[in-house]
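Student: Submitted below is the structure of interest, expressed as structure tokens.
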Amino acid sequence: MVSITANAVEEIKKQAKSRKATISALRLGIRGGGCTGFSYLFEWAEEKPRDTDHVFHEDGVSLYVDPKSYVYLKDTELDFVRNMMGHGFKFNNPNVTGQCGCGEAVQF
Amino acid sequence: MANAVPFHKNQNTVECCFSVLNLKKQFEIDLEELESIYLTRSKQTHPDQNLNKSPSERVAILQEFMKLNEAYSVLKAPERRAEHLLGQYGVFIQDNETISPHLLVDMLDMREQLQEAQDNDDHERVVVFKNTMIENNRQNLKEIADLFVSFEENDDLNSLNMIKDLLIKFRYGVRYLEEIEE
Amino acid sequence: MSLFQIAEPGQSVEKEQCQQRRAVGIDLGTTNTLVAYVREEKPVVVPCLDDSLLIPSVVHYSEQGDVIVGKSARALIQEFPKTTIASAKRMLGRSKEDLKNIMEFLPYDMEEDRDNSQKMIMLNLDGKKISPIEVSRDIIKEVLHGASEKTGGVIDSAVITVPAYFDDGQRQATRDAGRLAGIDVLRLLAEPTAAALAYGLEKNVTGCYVVFDLGGGTFDVSVLNLVDNVFKVCAIGGDSSLGGDDFDRLIAKKMLDVAQISLNNNAQIVQQALYNARLTKEQLSIHESAEFLLPLSDGTVFRHTITQQDFAELIKPLLDQIGVICKKTLKDANVVNSAIDGVILVGGSTRSTVVSDYVKQFFGRPVLSDLDPDQVVALGAAVQADMLVGGTAPVLLLDVIPLSLGIETMGGVFEPLILRNSTIPTGATNTYTTYADNQTGFDIHVLQGERETAEGNRSLARFYLKGIPPMVAGMARVEIVFFVDADGILHVTAKEETTGIETSVEVSTSYGLSDEDVERILLNSFEHAEADMLYRKLQTARIEASSMIASIQKAIIESSSLLEGNEQKELEQSILMIQKAMELEDFNAIRVAMKELEKTAEPFVERCMNKAIVAAVKGRSVLEIEKES
């Protein structure tokens, strides 16, 4: 399953509020491309999940993951951090074996 | 089953290979210079050297490369160069070109002798025929070269016709040698 | 460590900051396959999961539907001769007729695919039909999978090498195998050219060179000029069905003759004989003589000593053939022996002393073999892959097509449009007309070869161009355009000038897959992709683990005297761990446990290997020595 940390939940709710959307749902996915492998798809979701999606809830926030991406994303934890490099969401994915130089693409 | 019959276009439209390679239009060429120009131009026009250009540019460059290749192979081989040059001067060898009867008789004679030697497994004689023909070809080419020089100086059409005859003879010679190899 | 922001729907940006794609070079050999890539400016072969560099080009299709590739598959040849395919490259772009000389050594059930193309070979594996193209696809998929894991990247494109003498059908089949494996085939590169590239860059050779490439199943000879960063092929020659495997077959046949065993209905013993013939041949590369062994059905062992001299005599007819081809190629290139600066040896079969002696004697010029003849082709392919993807080309490769291409004209004559040894890419246009009044169509027959008659050459495609308006004979103008791309593959379009009707021809469906076939097979495979990936990871791990356990157990039995102290117990413990992991279907756990076993077994295995080497040198089997000690 895909889990969401408390920090991430808080930040998502905050951003959803300022976005004035009714749904605080996110779509997570994996796309081919980037220098040596895949890149993450991470965006606000449309209204409802698709029939084939895996859906996860945490304290009012929902995540939709399509079946193909789920193969690579299961056991991932979505976190939100603030550190020296700035602030943003982080994917803690045990399936990732390496990253390319720019950090944008990941390998499994 | 209906098969195709070759139709040969008006040969005047063939582009001058010498100009494609920026060489002087004459039979004698410096083979090293030809090679060097070809390599330099290849590096500029080969598709692999132009991967970053736009698709339409790449199509145009590819056409240039193919033209370059064709010109190079024509100019490199003396008999093709000679034929091409004749064409540039308006003299063409037709498909069913009639050759002089006495050349025909000569060729038939030589063929018969070769056949006989081959049938009798007389390898030494075959080798003699082969070497004779190689020498003949060499002579023919030399004569062709001389005739072109004469043409370039005197502009006489007669030289061109003689070159044509020699070329036909040369071709038969090449065919003859190929048959020995088989 | 990258931090992400939430994007608006549909706006997740495809980050294209890295311009480099991971592209590799693949040497898809008859006997072995290798993958290489450029790392820090140097080409290097990627080891597979068990750290060996060469992956046997063998695929086993189990009853349960498993696809096993490589060493593990090769180990199954004796037991499952009909469903373990070892010579796929020999069958690419070929018909049954093409293979008749080696048919008695091929144990597979083969038929020709009558539905789609007329003559493509289909292998019948217990009811399931598969083409050699799909077998090659499975090899490519497997080696790329291993390479991905080892390099930590996903590989989406490759340069695949082909024998220079591969014709249009064989090249298309190779390219299709790559496409079916899901990668972008950047280029089909001729093997001798790849080798020259590797030597040119690594050893900085310049001048006129001959590449003599004798692999397991194919022979190529190529004359190149390496000068001023241009590698120009002057001429090529070869035989795409002549290689080290044929030496094995000659030895096996001779031995079976002497032993008075027929090749018919003896599939298993024939395969065993072939395998042992190869071992004997390899021995003869290092020793003056070697012993050929063959266990017979009655329990006895047939033995026969073969000397290097015997071997040379046996393969003389093939060497003579090779000599004829070399001579013709030198002539085509207009080069005499004295003008050659060196001869580069490529391919495992050039390791044979008899072969390298022959080469030295034939050319009388210095011979280069310092780059590993097994790896050099893959290394060259990696260099070109890097160039094509990176967009920079420090070196220019000018390659040629091996055989003339043309069409059949009236009277069954072959009219070549593009001559052999023409530099590619190249094209030619010829115009044709009708021979009868009101003739509204042409039969266009595209062929490849050097003979004067259409019948004597290889048919690539036949198509009927129709829609010519009825006219007097000789009035229609049909332009046929031949274009040979940088892969050496032909594309044909035909255009009738008065009507402007244009048709493009699909060339080479006689021996291979049509574009539709390729699409269909690809779609089928995508549907199963996810399930496949995980299942495959697990299956591969299980199969390798079983194999490892089996060989350790065998060694424990055969070489029990070499075990020291507690080793046997420790080994059995480690084996138990693997078996547990296999039960749990946890492929990570299986891999970890395998590494443990490897470590534990290392000293014991080394002792066994030392003993085996001693045995080999003395020409006996390990079992025999065991009995003595």
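Ligands are numbered from 1 in the order shown, residues from 1 within each chain, and chains are lettered A, B, ... in the order they appear in the structure tokens.
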As a PyMOL selection string, could you give me every residue of chain B near chain C (at most 10 Å apart, counting only C-alpha atoms)?
Tutor: chain B and resi 1-9+36+39-40+42-44+46-52+62-63+65-70+73+181
Student: Once you have the residues from the selection above, write them out as a CSV table (one decimal), in the first residue's frame, restricted to N, CA, C and O atoms.
Tutor:
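Just written: result_8.csv:
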chain,number,residue,atom,x,y,z
B,1,MET,N,2.2,-13.9,-66.2
B,1,MET,CA,2.9,-13.0,-65.3
B,1,MET,C,3.5,-11.9,-66.2
B,1,MET,O,4.3,-12.2,-67.1
B,2,ALA,N,3.2,-10.7,-65.9
B,2,ALA,CA,3.7,-9.6,-66.8
B,2,ALA,C,4.9,-9.0,-66.1
B,2,ALA,O,4.8,-8.4,-65.0
B,3,ASN,N,6.0,-9.1,-66.7
B,3,ASN,CA,7.2,-8.5,-66.1
B,3,ASN,C,7.6,-7.2,-66.8
B,3,ASN,O,7.1,-6.8,-67.8
B,4,ALA,N,8.5,-6.5,-66.2
B,4,ALA,CA,8.8,-5.2,-66.6
B,4,ALA,C,9.9,-5.1,-67.7
B,4,ALA,O,10.8,-6.0,-67.7
B,5,VAL,N,9.8,-4.2,-68.5
B,5,VAL,CA,10.8,-3.9,-69.5
B,5,VAL,C,11.5,-2.7,-69.2
B,5,VAL,O,10.9,-1.6,-68.9
B,6,PRO,N,12.9,-2.7,-69.1
B,6,PRO,CA,13.6,-1.5,-68.7
B,6,PRO,C,13.4,-0.4,-69.8
B,6,PRO,O,13.4,-0.7,-70.9
B,7,PHE,N,13.3,0.8,-69.3
B,7,PHE,CA,13.2,1.9,-70.1
B,7,PHE,C,14.2,2.9,-69.7
B,7,PHE,O,14.3,3.3,-68.6
B,8,HIS,N,15.1,3.3,-70.6
B,8,HIS,CA,16.2,4.2,-70.2
B,8,HIS,C,15.9,5.6,-70.5
B,8,HIS,O,15.6,6.0,-71.7
B,9,LYS,N,15.9,6.4,-69.5
B,9,LYS,CA,15.6,7.8,-69.7
B,9,LYS,C,16.6,8.5,-70.5
B,9,LYS,O,17.7,8.0,-70.7
B,36,SER,N,40.6,11.9,-51.1
B,36,SER,CA,40.6,12.9,-50.0
B,36,SER,C,39.4,13.8,-50.0
B,36,SER,O,38.7,14.1,-49.0
B,39,LEU,N,36.3,11.8,-48.8
B,39,LEU,CA,36.3,11.6,-47.3
B,39,LEU,C,35.9,12.8,-46.6
B,39,LEU,O,35.0,12.8,-45.7
B,40,THR,N,36.4,14.0,-47.0
B,40,THR,CA,36.1,15.2,-46.4
B,40,THR,C,34.6,15.5,-46.6
B,40,THR,O,33.9,15.9,-45.6
B,42,SER,N,32.2,13.4,-47.2
B,42,SER,CA,31.4,12.4,-46.5
B,42,SER,C,31.2,12.8,-45.1
B,42,SER,O,30.1,12.7,-44.5
B,43,LYS,N,32.3,13.3,-44.5
B,43,LYS,CA,32.2,13.7,-43.1
B,43,LYS,C,31.1,14.8,-42.9
B,43,LYS,O,30.5,15.0,-41.9
B,44,GLN,N,31.0,15.6,-43.9
B,44,GLN,CA,30.0,16.7,-43.8
B,44,GLN,C,28.6,16.2,-44.1
B,44,GLN,O,27.6,16.7,-43.5
B,46,HIS,N,27.3,12.8,-44.3
B,46,HIS,CA,26.8,11.5,-43.9
B,46,HIS,C,25.7,11.8,-42.8
B,46,HIS,O,25.8,12.6,-41.9
B,47,PRO,N,24.6,11.0,-42.9
B,47,PRO,CA,23.4,11.2,-42.0
B,47,PRO,C,23.9,11.1,-40.5
B,47,PRO,O,23.4,11.9,-39.7
B,48,ASP,N,24.8,10.2,-40.2
B,48,ASP,CA,25.2,10.1,-38.8
B,48,ASP,C,25.9,11.4,-38.2
B,48,ASP,O,26.0,11.6,-37.0
B,49,GLN,N,26.4,12.2,-39.2
B,49,GLN,CA,27.1,13.4,-38.7
B,49,GLN,C,26.2,14.6,-38.6
B,49,GLN,O,26.6,15.7,-38.4
B,50,ASN,N,24.9,14.3,-38.9
B,50,ASN,CA,23.9,15.4,-39.0
B,50,ASN,C,22.7,15.1,-38.2
B,50,ASN,O,21.6,15.5,-38.6
B,51,LEU,N,22.8,14.4,-37.1
B,51,LEU,CA,21.7,14.0,-36.3
B,51,LEU,C,20.9,15.1,-35.7
B,51,LEU,O,19.8,15.0,-35.3
B,52,ASN,N,21.6,16.2,-35.5
B,52,ASN,CA,20.9,17.3,-34.7
B,52,ASN,C,20.2,18.3,-35.6
B,52,ASN,O,19.7,19.3,-35.2
B,62,LEU,N,20.8,13.9,-46.9
B,62,LEU,CA,20.9,12.5,-47.3
B,62,LEU,C,21.0,12.4,-48.8
B,62,LEU,O,21.8,11.7,-49.3
B,63,GLN,N,20.2,13.2,-49.5
B,63,GLN,CA,20.3,13.2,-51.0
B,63,GLN,C,21.6,13.6,-51.4
B,63,GLN,O,22.2,13.0,-52.4
B,65,PHE,N,24.4,13.2,-49.8
B,65,PHE,CA,25.4,12.1,-49.5
B,65,PHE,C,25.3,11.1,-50.6
B,65,PHE,O,26.3,10.5,-51.1
B,66,MET,N,24.1,10.7,-51.0
B,66,MET,CA,23.9,9.6,-51.9
B,66,MET,C,24.4,10.0,-53.3
B,66,MET,O,25.0,9.2,-54.0
B,67,LYS,N,24.3,11.3,-53.6
B,67,LYS,CA,24.8,11.8,-54.9
B,67,LYS,C,26.3,11.8,-54.9
B,67,LYS,O,27.0,11.4,-55.8
B,68,LEU,N,26.9,12.1,-53.7
B,68,LEU,CA,28.3,12.1,-53.5
B,68,LEU,C,28.9,10.7,-53.8
B,68,LEU,O,29.9,10.5,-54.5
B,69,ASN,N,28.2,9.7,-53.2
B,69,ASN,CA,28.6,8.3,-53.3
B,69,ASN,C,28.6,7.8,-54.7
B,69,ASN,O,29.5,7.2,-55.1
B,70,GLU,N,27.5,8.2,-55.4
B,70,GLU,CA,27.4,7.7,-56.8
B,70,GLU,C,28.5,8.3,-57.6
B,70,GLU,O,29.2,7.6,-58.4
B,73,SER,N,31.8,6.6,-56.9
B,73,SER,CA,32.0,5.2,-57.5
B,73,SER,C,32.2,5.3,-59.0
B,73,SER,O,32.9,4.5,-59.6
B,181,GLU,N,37.0,-16.8,-64.0
B,181,GLU,CA,37.0,-16.9,-62.6
B,181,GLU,C,35.9,-17.9,-62.1
B,181,GLU,O,36.1,-18.6,-61.1
Student: Mind the document's chain letters and residue numbers, and return as a PyMOL selection string the residues of region 168-410 of chain C that DSSP labels strand (DSSP E).
Tutor: chain C and resi 184-190+207-214+219-227+230-239+289-295+301-307+342-346+367-368+396-398+405-409
Student: What's the 12 Å shell around Gln64 (chain C), counting only C-alpha atoms, without same-chain residues fewer than 3 positions away, as a list in words?
Tutor: His60, Tyr61, Val67, Ile68, Asp126, Lys128 and Gln539 of chain C
Student: Looking at C:Ser52, C:Ser546, C:Ser57, C:Thr353, which one is nearest to Ala581 (chain C), with distances taken over only C-alpha atoms?
Tutor: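 Distance minimum relative to Ala581 (chain C) lands on C:Ser546.
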Student: Applying 8 Å and only C-alpha atoms, which residues near region 132-143 of chain C remain after dropping the ones on its own chain fewer than 6 positions away? List them as a list of chain:residue names.
Tutor: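 Near region 132-143 of chain C, the qualifying residues are C:Leu28, C:Thr33, C:Leu34, C:Val35, C:Cys48, C:Ile55, C:Ser57, C:Val58, C:Val59, C:Val67, C:Val69, C:Gly70, C:Ile85, C:Ala88, C:Lys89, C:Met91, C:Leu92, C:Ile121, C:Met122, C:Leu123, C:Ala173, C:Thr174, C:Asp176, C:Ala177, C:Gly178, C:Leu180, C:Ala181, C:Gly512.
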Student: Please provide the set of residues having any atom within 12 Å of Lys142 (chain B), restricted to only C-alpha atoms, with same-chain residues fewer than 3 positions apart removed, written as a list in words.
Tutor: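 In the requested form, the answer reads Phe27, Glu28, Pro78, Glu79, Ala82, Glu135, Asn136, Asn137, Arg138, Gln139, Ala145, Asp146, Leu147, Phe148, Val149, Ile163, Leu166, Leu167 and Phe170 of chain B.
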Student: So that I can check the secondary structure, give me every residue of region 37-96 of chain A assigned alpha helix (DSSP H) by backbone DSSP, as an MDAnalysis selection string.
Tutor: chainID A and resid 67:73
Student: When you draw a straight line from CA of Leu108 (chain B) to CA of Asp122 (chain B), how long is it in Å?
Tutor: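 Calculated distance between CA of Leu108 (chain B) and CA of Asp122 (chain B) is 19.2 Å.
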Student: Taking 3 positions as the minimum chain separation for residues in the same chain, which residues sit within 10 Å of region 59-61 of chain A when counting only C-alpha atoms? Answer as a list in words.
Tutor: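 These residues fall inside the cut-off: Ile4, Ala6, Ala8, Val9, Glu10, Ile12, Lys13, Ala16, Ile23, Ser24, Ala25, Leu26 and Phe56 of chain A.
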Student: For a quick check of understanding, using only C-alpha atoms, which of C:Asp50, C:Phe247, C:Phe302, C:Pro43 has the smallest distance to Met594 (chain C)?
Tutor: C:Asp50
Student: Go through A:Glu58, A:Asp79, A:Asp66, A:Glu43 one by one, measure the shortest atom-to-atom distance of each to chain C using only C-alpha atoms, and give the residue with the smallest value.
Tutor: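 Checking each candidate against chain C, we get A:Glu43 as the closest.
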Student: Which of these, C:Ile160, C:Val154, C:Leu279, C:Ala86, has the shortest distance to chain A once you count only C-alpha atoms?
Tutor: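 Closest candidate: C:Val154.
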Student: So that I can see what lies close to Ile315 (chain C), please list as a PDB file with N, CA and C atoms, in the first residue's frame the residues with an atom at most 9 Å from it, counting only C-alpha atoms and leaving out residues fewer than 6 positions away in the same chain.
Tutor:
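Saved file selection00.pdb follows:
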ATOM      1  N   ASP C 246      30.082 -25.508 -37.574  1.00  0.00           N
ATOM      2  CA  ASP C 246      30.254 -26.479 -38.655  1.00  0.00           C
ATOM      3  C   ASP C 246      31.469 -27.358 -38.396  1.00  0.00           C
ATOM      4  N   PHE C 247      32.481 -26.801 -37.735  1.00  0.00           N
ATOM      5  CA  PHE C 247      33.633 -27.621 -37.347  1.00  0.00           C
ATOM      6  C   PHE C 247      33.160 -28.689 -36.358  1.00  0.00           C
ATOM      7  N   LEU C 250      31.403 -31.394 -38.137  1.00  0.00           N
ATOM      8  CA  LEU C 250      32.298 -32.301 -38.863  1.00  0.00           C
ATOM      9  C   LEU C 250      32.932 -33.313 -37.911  1.00  0.00           C
ATOM     10  N   ILE C 251      33.375 -32.828 -36.755  1.00  0.00           N
ATOM     11  CA  ILE C 251      33.980 -33.729 -35.778  1.00  0.00           C
ATOM     12  C   ILE C 251      32.948 -34.750 -35.314  1.00  0.00           C
TER      13      ILE C 251
END
Student: Could you tell me how far CA of Ala147 (chain C) lies from CA of Arg39 (chain C), in Å and to one decimal?
Tutor: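 Rounded to one decimal, the two atoms are 13.1 Å apart.
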Student: What gap, in Å, lies between CA of Ala259 (chain C) and CA of Lys281 (chain C)?
Tutor: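 Distance between the two atoms: 18.2 Å.
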